[in-house]
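Shown next: data_21.csv, containing CSV, C-alpha atoms and all ligand atoms.
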```csv
chain,number,residue,atom,x,y,z
Q,21,MET,CA,161.5,63.7,64.5
Q,22,TYR,CA,158.3,65.4,65.6
Q,23,LEU,CA,160.0,67.4,68.4
Q,24,ASN,CA,162.7,68.5,66.0
Q,25,ARG,CA,160.2,69.7,63.6
Q,26,ARG,CA,158.3,71.5,66.2
Q,27,ARG,CA,161.4,73.3,67.4
Q,28,PHE,CA,162.2,74.2,63.8
Q,29,LEU,CA,158.8,75.6,63.2
Q,30,ALA,CA,159.0,77.6,66.3
Q,31,ALA,CA,162.3,79.1,65.2
Q,32,GLY,CA,160.7,81.5,62.7
Q,33,SER,CA,159.2,81.5,59.2
Q,34,VAL,CA,158.2,78.0,58.4
Q,35,ALA,CA,160.8,76.2,56.3
Q,36,LEU,CA,163.5,76.0,53.7
Q,37,GLY,CA,162.4,77.2,50.3
Q,38,ALA,CA,161.6,74.7,47.7
Q,39,LEU,CA,164.8,73.5,46.0
Q,40,ARG,CA,165.5,75.5,42.9
Q,41,GLY,CA,163.9,74.1,39.7
Q,42,MET,CA,161.8,71.7,41.7
Q,43,PRO,CA,158.1,71.9,41.0
Q,44,ALA,CA,156.3,73.8,43.8
Q,45,ALA,CA,154.2,70.9,44.8
Q,46,ALA,CA,156.4,67.7,44.5
Q,47,ALA,CA,155.3,65.3,47.2
Q,48,GLY,CA,156.8,66.1,50.5
Q,49,SER,CA,158.5,69.3,49.3
Q,50,LYS,CA,159.3,72.0,51.8
Q,51,LEU,CA,157.1,75.1,51.6
Q,52,THR,CA,158.0,78.6,52.7
Q,53,ALA,CA,155.1,80.4,54.5
Q,54,THR,CA,154.6,83.3,56.8
Q,55,LYS,CA,153.0,83.0,60.2
Q,56,SER,CA,149.3,84.1,60.4
Q,57,PRO,CA,147.6,86.1,63.1
Q,58,PHE,CA,144.7,83.7,62.7
Q,59,SER,CA,146.7,80.8,64.2
Q,60,THR,CA,145.7,79.3,67.5
Q,61,SER,CA,148.5,79.0,70.1
Q,62,GLU,CA,147.1,75.5,71.1
Q,63,GLU,CA,149.6,72.6,70.7
Q,64,PRO,CA,149.4,71.1,67.2
Q,65,THR,CA,148.4,67.4,67.0
Q,66,PRO,CA,151.4,65.2,66.1
Q,67,LEU,CA,152.1,64.7,62.4
Q,68,GLU,CA,151.7,60.9,62.8
Q,69,ALA,CA,148.0,61.3,63.9
Q,70,ILE,CA,147.2,63.9,61.3
Q,71,THR,CA,148.4,61.5,58.6
Q,72,HIS,CA,147.2,58.2,59.9
Q,73,TYR,CA,143.8,59.0,61.3
Q,74,ASN,CA,141.9,60.3,58.3
Q,75,ASN,CA,138.5,60.4,56.6
Q,76,PHE,CA,138.9,60.1,52.9
Q,77,TYR,CA,136.2,57.6,51.9
Q,78,GLU,CA,137.5,57.3,48.3
Q,79,PHE,CA,140.4,55.3,49.9
Q,80,GLY,CA,138.5,53.4,52.5
Q,81,THR,CA,136.1,53.9,55.4
Q,82,ASP,CA,138.5,53.0,58.3
Q,83,LYS,CA,140.6,55.7,59.7
Q,84,GLU,CA,143.9,54.0,58.8
Q,85,ASP,CA,142.8,53.2,55.2
Q,86,PRO,CA,143.7,56.5,53.5
Q,87,SER,CA,147.3,56.3,54.8
Q,88,LYS,CA,147.6,52.9,53.3
Q,89,ASN,CA,145.8,53.5,50.0
Q,90,ALA,CA,146.1,57.1,49.0
Q,91,TYR,CA,149.5,56.5,47.4
Q,92,LYS,CA,147.3,55.6,44.4
Q,93,LEU,CA,146.3,59.2,44.0
Q,94,ARG,CA,148.2,60.8,41.1
Q,95,THR,CA,148.6,64.5,42.1
Q,96,SER,CA,150.8,65.6,39.2
Q,97,PRO,CA,149.8,66.7,36.6
Q,98,TRP,CA,146.8,68.3,38.2
Q,99,SER,CA,144.4,71.0,37.1
Q,100,VAL,CA,141.3,72.7,38.6
Q,101,LYS,CA,138.5,74.3,36.6
Q,102,VAL,CA,137.1,77.5,38.0
Q,103,GLU,CA,133.8,78.2,36.2
Q,104,GLY,CA,130.2,79.2,36.4
Q,105,ALA,CA,129.0,82.7,37.3
Q,106,VAL,CA,132.4,84.4,36.8
Q,107,ALA,CA,133.7,86.9,34.2
Q,108,LYS,CA,137.0,85.1,33.8
Q,109,PRO,CA,136.6,81.3,33.9
Q,110,THR,CA,139.9,79.5,34.1
Q,111,VAL,CA,141.8,76.3,34.4
Q,112,LEU,CA,144.8,76.3,36.8
Q,113,ASP,CA,147.6,73.9,36.9
Q,114,LEU,CA,149.6,73.2,40.1
Q,115,ASP,CA,152.2,75.9,39.5
Q,116,ALA,CA,149.4,78.5,39.0
Q,117,ILE,CA,147.6,77.4,42.1
Q,118,PHE,CA,150.8,77.8,44.2
Q,119,LYS,CA,151.2,81.3,42.8
Q,120,ILE,CA,147.8,82.7,43.5
Q,121,ALA,CA,148.8,84.3,46.8
Q,122,PRO,CA,151.7,84.2,49.3
Q,123,LEU,CA,151.6,81.0,51.4
Q,124,GLU,CA,150.7,81.4,55.1
Q,125,GLU,CA,150.9,78.9,58.0
Q,126,ARG,CA,147.5,78.8,59.7
Q,127,ILE,CA,147.3,76.6,62.8
Q,128,TYR,CA,143.6,75.8,63.0
Q,129,ARG,CA,141.3,73.6,65.2
Q,130,HIS,CA,139.8,70.8,63.1
Q,131,ARG,CA,136.5,69.3,64.4
Q,132,CYS,CA,135.0,66.3,62.8
Q,133,VAL,CA,131.2,65.7,63.1
Q,134,GLU,CA,132.2,62.3,64.6
Q,135,ARG,CA,133.3,64.1,67.8
Q,136,TRP,CA,137.1,63.9,67.4
Q,137,SER,CA,139.2,67.0,67.0
Q,138,MET,CA,142.8,68.0,66.2
Q,139,VAL,CA,145.0,71.1,65.8
Q,140,ILE,CA,146.6,71.2,62.4
Q,141,PRO,CA,149.3,73.6,61.1
Q,142,TRP,CA,148.0,74.1,57.6
Q,143,ILE,CA,149.8,75.9,54.8
Q,144,GLY,CA,147.8,77.7,52.2
Q,145,PHE,CA,146.1,80.9,51.1
Q,146,PRO,CA,142.6,82.4,51.5
Q,147,LEU,CA,140.1,81.0,49.0
Q,148,ASN,CA,139.0,84.6,48.4
Q,149,ALA,CA,142.3,85.3,46.6
Q,150,LEU,CA,141.4,82.7,44.0
Q,151,LEU,CA,137.7,83.8,43.7
Q,152,LYS,CA,138.6,87.4,43.2
Q,153,ARG,CA,140.8,86.5,40.4
Q,154,VAL,CA,138.0,85.0,38.3
Q,155,GLU,CA,135.7,88.0,39.0
Q,156,PRO,CA,132.4,86.5,40.3
Q,157,THR,CA,129.3,88.0,38.7
Q,158,SER,CA,126.2,89.2,40.6
Q,159,LYS,CA,124.7,85.7,40.0
Q,160,ALA,CA,127.4,84.1,42.1
Q,161,LYS,CA,125.6,83.3,45.4
Q,162,TYR,CA,127.3,80.0,46.3
Q,163,VAL,CA,130.4,78.1,45.5
Q,164,ALA,CA,130.3,74.4,44.6
Q,165,PHE,CA,133.4,72.2,44.9
Q,166,GLU,CA,134.1,68.7,43.5
Q,167,SER,CA,136.9,66.2,44.4
Q,168,ILE,CA,138.7,64.0,41.9
Q,169,TYR,CA,137.2,60.5,41.4
Q,170,ASP,CA,138.8,57.6,39.6
Q,171,SER,CA,136.9,54.4,39.8
Q,172,LYS,CA,140.0,52.3,39.0
Q,173,THR,CA,141.9,53.4,42.1
Q,174,MET,CA,139.1,54.4,44.5
Q,175,LEU,CA,136.2,52.7,46.3
Q,176,SER,CA,132.9,52.4,44.5
Q,177,PRO,CA,130.1,54.6,45.9
Q,178,GLN,CA,128.2,51.4,46.8
Q,179,TYR,CA,131.1,50.2,49.0
Q,180,ALA,CA,131.8,53.6,50.5
Q,181,GLY,CA,128.2,54.3,51.2
Q,182,ILE,CA,128.3,57.9,49.8
Q,183,GLN,CA,128.2,59.2,46.3
Q,184,PHE,CA,131.3,60.1,44.3
Q,185,PRO,CA,132.7,62.4,43.2
Q,186,TYR,CA,132.6,63.9,46.7
Q,187,ILE,CA,130.9,67.4,46.4
Q,188,GLU,CA,130.6,70.3,48.9
Q,189,GLY,CA,129.5,73.9,48.9
Q,190,LEU,CA,129.7,77.2,50.7
Q,191,ARG,CA,127.6,80.4,50.6
Q,192,MET,CA,129.5,83.2,48.9
Q,193,ASP,CA,130.1,85.2,52.0
Q,194,GLU,CA,131.5,82.0,53.8
Q,195,ALA,CA,133.7,81.4,50.8
Q,196,MET,CA,135.0,84.9,50.8
Q,197,HIS,CA,135.6,85.0,54.6
Q,198,PRO,CA,139.3,85.5,55.4
Q,199,LEU,CA,139.4,82.3,57.6
Q,200,THR,CA,138.4,80.1,54.7
Q,201,LEU,CA,141.6,78.5,53.4
Q,202,LEU,CA,142.8,76.5,50.4
Q,203,ALA,CA,145.5,74.3,51.9
Q,204,VAL,CA,148.4,73.1,49.9
Q,205,GLY,CA,150.5,71.7,52.8
Q,206,LEU,CA,150.8,71.0,56.5
Q,207,TYR,CA,153.7,70.9,59.0
Q,208,GLY,CA,155.9,72.8,56.5
Q,209,GLU,CA,155.5,70.5,53.6
Q,210,SER,CA,153.2,69.9,50.7
Q,211,LEU,CA,150.0,67.9,51.6
Q,212,PRO,CA,150.3,64.2,52.1
Q,213,ASN,CA,147.9,62.4,49.7
Q,214,GLN,CA,145.7,61.2,52.6
Q,215,ASP,CA,145.1,64.7,53.7
Q,216,GLY,CA,143.8,65.8,50.3
Q,217,ALA,CA,146.7,66.5,48.0
Q,218,PRO,CA,147.5,68.5,46.1
Q,219,PHE,CA,145.0,71.0,47.6
Q,220,ARG,CA,141.9,71.0,49.7
Q,221,LEU,CA,139.5,73.3,51.4
Q,222,VAL,CA,139.7,74.1,55.1
Q,223,VAL,CA,136.7,75.8,56.8
Q,224,PRO,CA,137.7,75.8,60.5
Q,225,TRP,CA,134.3,76.8,62.0
Q,226,LYS,CA,132.4,74.0,60.3
Q,227,TYR,CA,132.5,70.2,60.7
Q,228,GLY,CA,135.4,68.6,58.9
Q,229,PHE,CA,133.3,67.1,56.1
Q,230,LYS,CA,132.8,70.6,54.6
Q,231,SER,CA,136.6,70.7,54.1
Q,232,ILE,CA,136.6,68.8,50.8
Q,233,LYS,CA,139.9,67.2,49.6
Q,234,SER,CA,141.7,66.9,46.3
Q,235,ILE,CA,139.6,69.5,44.4
Q,236,VAL,CA,139.3,69.4,40.6
Q,237,LYS,CA,136.4,71.8,40.1
Q,238,ILE,CA,135.1,75.0,41.6
Q,239,ARG,CA,131.9,76.3,40.2
Q,240,LEU,CA,130.2,79.6,41.2
Q,241,VAL,CA,126.4,79.2,41.2
Q,242,GLU,CA,123.1,80.9,41.9
Q,243,LYS,CA,121.4,78.1,44.0
Q,244,GLU,CA,122.5,76.3,47.1
Q,245,PRO,CA,124.5,73.3,45.7
Q,246,SER,CA,124.0,69.7,46.7
Q,247,THR,CA,126.6,68.2,49.2
Q,248,THR,CA,127.7,64.6,49.6
Q,249,TRP,CA,126.7,64.0,53.2
Q,250,ASN,CA,123.5,65.9,52.9
Q,251,LEU,CA,122.5,63.7,50.0
Q,252,SER,CA,123.3,60.6,52.0
Q,253,ALA,CA,121.4,61.7,55.2
Q,254,SER,CA,119.7,65.1,55.1
Q,255,ASN,CA,118.4,65.0,58.7
Q,256,GLU,CA,122.0,64.3,60.0
Q,257,TYR,CA,124.2,66.5,57.8
Q,258,GLY,CA,122.9,70.0,56.8
Q,259,PHE,CA,124.3,72.4,54.3
Q,260,TYR,CA,125.7,74.8,56.9
Q,261,SER,CA,127.2,72.3,59.4
Q,262,ASN,CA,128.7,75.0,61.7
Q,263,VAL,CA,130.2,73.3,64.7
Q,264,ASN,CA,127.4,73.7,67.3
Q,265,PRO,CA,127.2,72.1,70.8
Q,266,GLU,CA,123.5,73.0,70.9
Q,267,ARG,CA,122.5,71.0,67.8
Q,268,ASP,CA,123.0,67.3,68.5
Q,269,HIS,CA,123.5,64.8,65.7
Q,270,PRO,CA,120.4,62.6,65.7
Q,271,ARG,CA,122.5,59.7,66.9
Q,272,TRP,CA,124.9,61.4,69.3
Q,273,SER,CA,125.5,64.6,71.4
Q,274,GLN,CA,127.8,67.3,70.0
Q,275,ALA,CA,128.3,68.9,73.4
Q,276,LYS,CA,131.7,67.3,73.9
Q,277,GLU,CA,134.6,66.2,71.7
Q,278,ARG,CA,137.8,64.2,72.0
Q,279,ARG,CA,141.0,66.0,71.1
Q,280,ILE,CA,143.2,63.3,69.5
Q,281,GLY,CA,145.9,62.4,72.1
Q,282,GLU,CA,143.8,63.4,75.1
Q,283,PHE,CA,141.9,61.1,77.4
Q,284,ARG,CA,139.1,63.3,78.7
Q,285,MET,CA,136.4,64.7,76.5
Q,286,ARG,CA,136.4,68.5,76.3
Q,287,ASP,CA,133.5,70.9,75.7
Q,288,THR,CA,132.7,71.7,72.1
Q,289,ALA,CA,133.0,75.4,71.3
Q,290,LYS,CA,130.3,77.0,69.2
Q,291,PHE,CA,131.7,77.7,65.7
Q,292,ASN,CA,134.7,75.7,66.9
Q,293,GLY,CA,135.9,78.8,68.8
Q,294,TYR,CA,135.8,81.1,65.7
Q,295,GLY,CA,132.5,82.8,66.7
Q,296,ASP,CA,134.0,86.2,67.1
Q,297,GLN,CA,135.0,86.2,63.4
Q,298,VAL,CA,132.0,84.3,61.9
Q,299,ALA,CA,128.9,84.5,64.0
Q,300,SER,CA,127.8,87.7,62.2
Q,301,LEU,CA,127.4,85.7,59.0
Q,302,TYR,CA,124.4,83.9,60.5
Q,303,THR,CA,122.5,86.7,62.3
Q,304,GLY,CA,118.8,86.0,62.5
Q,305,MET,CA,119.2,82.4,61.3
Q,306,ASP,CA,118.0,79.4,63.4
Q,307,LEU,CA,121.1,77.3,63.4
Q,308,VAL,CA,119.6,74.5,65.6
Q,309,ARG,CA,116.4,73.7,63.8
Q,310,LYS,CA,116.6,75.1,60.3
Q,311,TYR,CA,120.1,76.1,59.1
Q,312,PHE,CA,122.1,73.3,60.7
S,1,LIG,N1,136.9,65.0,51.1
S,1,LIG,C1,136.8,63.9,50.3
S,1,LIG,N2,137.0,64.0,49.0
S,1,LIG,N3,136.4,62.7,50.7
S,1,LIG,C2,136.2,62.5,52.1
S,1,LIG,O1,135.8,61.3,52.5
S,1,LIG,N4,136.1,63.5,54.3
S,1,LIG,C3,135.8,64.7,55.0
S,1,LIG,C4,136.7,65.8,54.7
S,1,LIG,N5,136.9,65.9,53.2
S,1,LIG,C5,136.3,63.6,53.0
S,1,LIG,C6,136.7,64.8,52.4
S,1,LIG,C7,135.7,64.5,56.5
S,1,LIG,S1,134.4,63.6,57.1
S,1,LIG,C8,136.7,65.1,57.3
S,1,LIG,S2,136.5,65.0,59.0
S,1,LIG,C9,137.9,65.7,56.8
S,1,LIG,O2,138.0,65.6,55.3
S,1,LIG,C10,139.1,64.9,57.3
S,1,LIG,O3,140.3,65.5,57.0
S,1,LIG,P1,141.7,64.9,57.5
S,1,LIG,O4,141.7,63.4,57.1
S,1,LIG,O5,142.8,65.6,56.8
S,1,LIG,O6,141.7,65.1,59.0
```
Mind turning the file's structure into structure tokens?
Amino acid sequence: MYLNRRRFLAAGSVALGALRGMPAAAAGSKLTATKSPFSTSEEPTPLEAITHYNNFYEFGTDKEDPSKNAYKLRTSPWSVKVEGAVAKPTVLDLDAIFKIAPLEERIYRHRCVERWSMVIPWIGFPLNALLKRVEPTSKAKYVAFESIYDSKTMLSPQYAGIQFPYIEGLRMDEAMHPLTLLAVGLYGESLPNQDGAPFRLVVPWKYGFKSIKSIVKIRLVEKEPSTTWNLSASNEYGFYSNVNPERDHPRWSQAKERRIGEFRMRDTAKFNGYGDQVASLYTGMDLVRKYF
């Protein structure tokens, strides 16, 4: 199955179009996407691992829990509010989200702060396409994101050990960077629930916890927003959280990582290997002691 899919993906543009009349985002629907020059040529991690080794604390704290429990997430109907320091605040439903910009396949490295990594063939569009549409005002210095939270179908914050709803944030220039993706799918199909359906953020040069799942609110703000992991342990998880082998986590080294499926640890690349594109965003900032 996996090999067939790989061969198929290699054959050209990503997949069959969605069936006529079918909503763009029905679970497991095929997506059409063009290939992106931002993709790595590294071998993608098998679909099985991408969908059964997850962090989605709302559905459990063990890696296999989200694949077992995320079926409880209702992804349709869905809407996202885009508000705050913008000239044109808006509420988008799923069809509108899928029409914001042409879909691209972006094969990105994905590095978790816990030292494992994958290579994921995402499908999505740049976050900047959505942000431009709402016309940010001069007060928009940061973007704050919020995940869905439903206490009836998800863990309680006490049990998960972090606050819900899960919240994250980016500085405006990070949010506008062409690498920053809103993903609606992977491996040629709409996102599996456990990977953050119906759409999630992907910021490939930062630790995976910045890539917030199942987004329901995007707010443009003047001050640096709070973020879930920083609220839970501010000395361990900073606001920036750029992948950085020189800044160790207080409880473990970040110099090496384990690519899922490999035995030996490999060296961690600064900015997860995206330094040529993003290092200039942080000129003059002390990324080890201050802006970690
Ligand atoms: N988003 C929400 N809402 N809840 C979470 O627990 N976990 C984060 C991030 N986004 C998380 C989240 C972490 S720690 C990582 S490493 C990535 O999602 C994992 O994404 P994946 O399961 O698709 O690999």
Ligand LIG 1 (chain S) neighbours within 9 Å using all atoms listed in the file, as a count of residues only: 53
Nearby residues, (132.9, 83.1, 44.8) file frame, 12 Å, all atoms listed in the file, as a VMD selection string: chain Q and resid 102 to 109 146 to 165 189 to 197 200 238 to 242
Among listed residues Q:Thr288, Q:Asn250, Q:Ser273, Q:Ser59, nearest Val139 of chain Q (using all atoms listed in the file):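 The shortest atom-to-atom distance to Val139 of chain Q comes from Q:Ser59.
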Length of the atom CA of Val204 of chain Q to atom CA of Gly258 of chain Q vector [Å]: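 Atom-to-atom, atom CA of Val204 of chain Q to atom CA of Gly258 of chain Q, that is 26.6 Å.
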Using only C-alpha atoms: which of Q:Leu201, Q:Leu67, Q:Ala299, Q:Leu211 has the shortest distance to Gly48 of chain Q: Q:Leu211
Atom CA of Gly205 of chain Q to atom CA of Asp113 of chain Q, straight-line distance in Å: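 Going from atom CA of Asp113 of chain Q over to atom CA of Gly205 of chain Q covers 16.3 Å.
Straight-line separation from atom CA of Glu244 of chain Q to atom CA of Gly304 of chain Q: 18.6 Å.
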Who sits within 7 Å of Ser56 of chain Q, only C-alpha atoms, same chain under 2 positions skipped, as a PyMOL selection string: chain Q and resi 54+58-59+124-126
Report, as lines of an AutoDock Vina configuration file, the axis-aligned box around all atoms of segment 271-286 of chain Q present in the file, extended by 8 Å on each side; give centre and edge lengths in Å to one decimal place.
```
center_x = 134.2
center_y = 64.3
center_z = 72.8
size_x = 39.4
size_y = 25.2
size_z = 27.8
```
Of the listed residues Q:Thr95, Q:Ile120, Q:Tyr260, Q:Arg279, that which approaches Glu62 of chain Q most closely, counting all atoms listed in the file: Q:Arg279
From the structure just shown, export segment 49-60 of chain Q with all heavy atoms as a short mmCIF file (atom, residue, chain, number, x, y, z; two decimals), in the first residue's frame.
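Ended up saving to out-v5.cif:
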```cif
data_model
loop_
_atom_site.label_atom_id
_atom_site.label_comp_id
_atom_site.auth_asym_id
_atom_site.auth_seq_id
_atom_site.Cartn_x
_atom_site.Cartn_y
_atom_site.Cartn_z
N SER Q 49 -10.48 12.27 1.77
CA SER Q 49 -10.69 12.55 0.34
C SER Q 49 -9.36 12.91 -0.32
O SER Q 49 -8.45 13.47 0.30
CB SER Q 49 -11.73 13.65 0.15
OG SER Q 49 -11.33 14.83 0.77
N LYS Q 50 -9.25 12.56 -1.59
CA LYS Q 50 -8.03 12.83 -2.36
C LYS Q 50 -7.92 14.32 -2.61
O LYS Q 50 -8.93 14.99 -2.83
CB LYS Q 50 -8.09 12.13 -3.71
CG LYS Q 50 -8.37 10.65 -3.62
CD LYS Q 50 -7.10 9.88 -3.42
CE LYS Q 50 -7.39 8.39 -3.40
NZ LYS Q 50 -6.49 7.69 -2.49
N LEU Q 51 -6.73 14.83 -2.59
CA LEU Q 51 -6.51 16.25 -2.85
C LEU Q 51 -5.59 16.41 -4.05
O LEU Q 51 -4.67 15.61 -4.24
CB LEU Q 51 -5.87 16.91 -1.62
CG LEU Q 51 -6.66 16.85 -0.32
CD1 LEU Q 51 -5.85 17.43 0.83
CD2 LEU Q 51 -7.97 17.61 -0.46
N THR Q 52 -5.85 17.43 -4.82
CA THR Q 52 -4.97 17.75 -5.94
C THR Q 52 -4.02 18.86 -5.51
O THR Q 52 -4.47 19.86 -4.95
CB THR Q 52 -5.80 18.24 -7.14
OG1 THR Q 52 -6.77 17.23 -7.43
CG2 THR Q 52 -4.93 18.47 -8.35
N ALA Q 53 -2.73 18.67 -5.74
CA ALA Q 53 -1.76 19.67 -5.30
C ALA Q 53 -0.58 19.70 -6.26
O ALA Q 53 -0.24 18.68 -6.86
CB ALA Q 53 -1.28 19.34 -3.89
N THR Q 54 0.04 20.86 -6.38
CA THR Q 54 1.24 20.94 -7.21
C THR Q 54 2.47 20.74 -6.35
O THR Q 54 2.44 20.97 -5.14
CB THR Q 54 1.34 22.32 -7.91
OG1 THR Q 54 1.27 23.32 -6.88
CG2 THR Q 54 0.20 22.52 -8.88
N LYS Q 55 3.55 20.32 -6.96
CA LYS Q 55 4.79 20.10 -6.20
C LYS Q 55 5.43 21.44 -5.89
O LYS Q 55 5.30 22.40 -6.64
CB LYS Q 55 5.74 19.24 -7.02
CG LYS Q 55 5.25 17.81 -7.11
CD LYS Q 55 6.30 16.91 -7.74
CE LYS Q 55 5.83 15.47 -7.77
NZ LYS Q 55 5.63 14.92 -6.42
N SER Q 56 6.11 21.50 -4.74
CA SER Q 56 6.72 22.76 -4.32
C SER Q 56 8.24 22.68 -4.35
O SER Q 56 8.82 21.68 -3.95
CB SER Q 56 6.26 23.07 -2.89
OG SER Q 56 7.09 24.05 -2.32
N PRO Q 57 8.89 23.77 -4.76
CA PRO Q 57 10.37 23.80 -4.70
C PRO Q 57 10.89 23.77 -3.27
O PRO Q 57 12.08 23.54 -3.05
CB PRO Q 57 10.71 25.13 -5.39
CG PRO Q 57 9.47 25.94 -5.37
CD PRO Q 57 8.31 24.99 -5.33
N PHE Q 58 10.02 24.00 -2.28
CA PHE Q 58 10.46 23.97 -0.88
C PHE Q 58 10.56 22.54 -0.33
O PHE Q 58 10.94 22.35 0.81
CB PHE Q 58 9.49 24.76 0.00
CG PHE Q 58 9.53 26.25 -0.25
CD1 PHE Q 58 8.35 26.96 -0.43
CD2 PHE Q 58 10.73 26.94 -0.30
CE1 PHE Q 58 8.37 28.34 -0.65
CE2 PHE Q 58 10.76 28.31 -0.52
CZ PHE Q 58 9.58 29.01 -0.69
N SER Q 59 10.17 21.54 -1.13
CA SER Q 59 10.20 20.16 -0.62
C SER Q 59 11.62 19.62 -0.50
O SER Q 59 12.47 19.89 -1.35
CB SER Q 59 9.41 19.24 -1.55
OG SER Q 59 8.03 19.48 -1.41
N THR Q 60 11.84 18.83 0.55
CA THR Q 60 13.11 18.11 0.67
C THR Q 60 13.03 16.86 -0.21
O THR Q 60 11.95 16.33 -0.46
CB THR Q 60 13.39 17.70 2.13
OG1 THR Q 60 14.52 16.81 2.14
CG2 THR Q 60 12.22 16.97 2.78
#
```
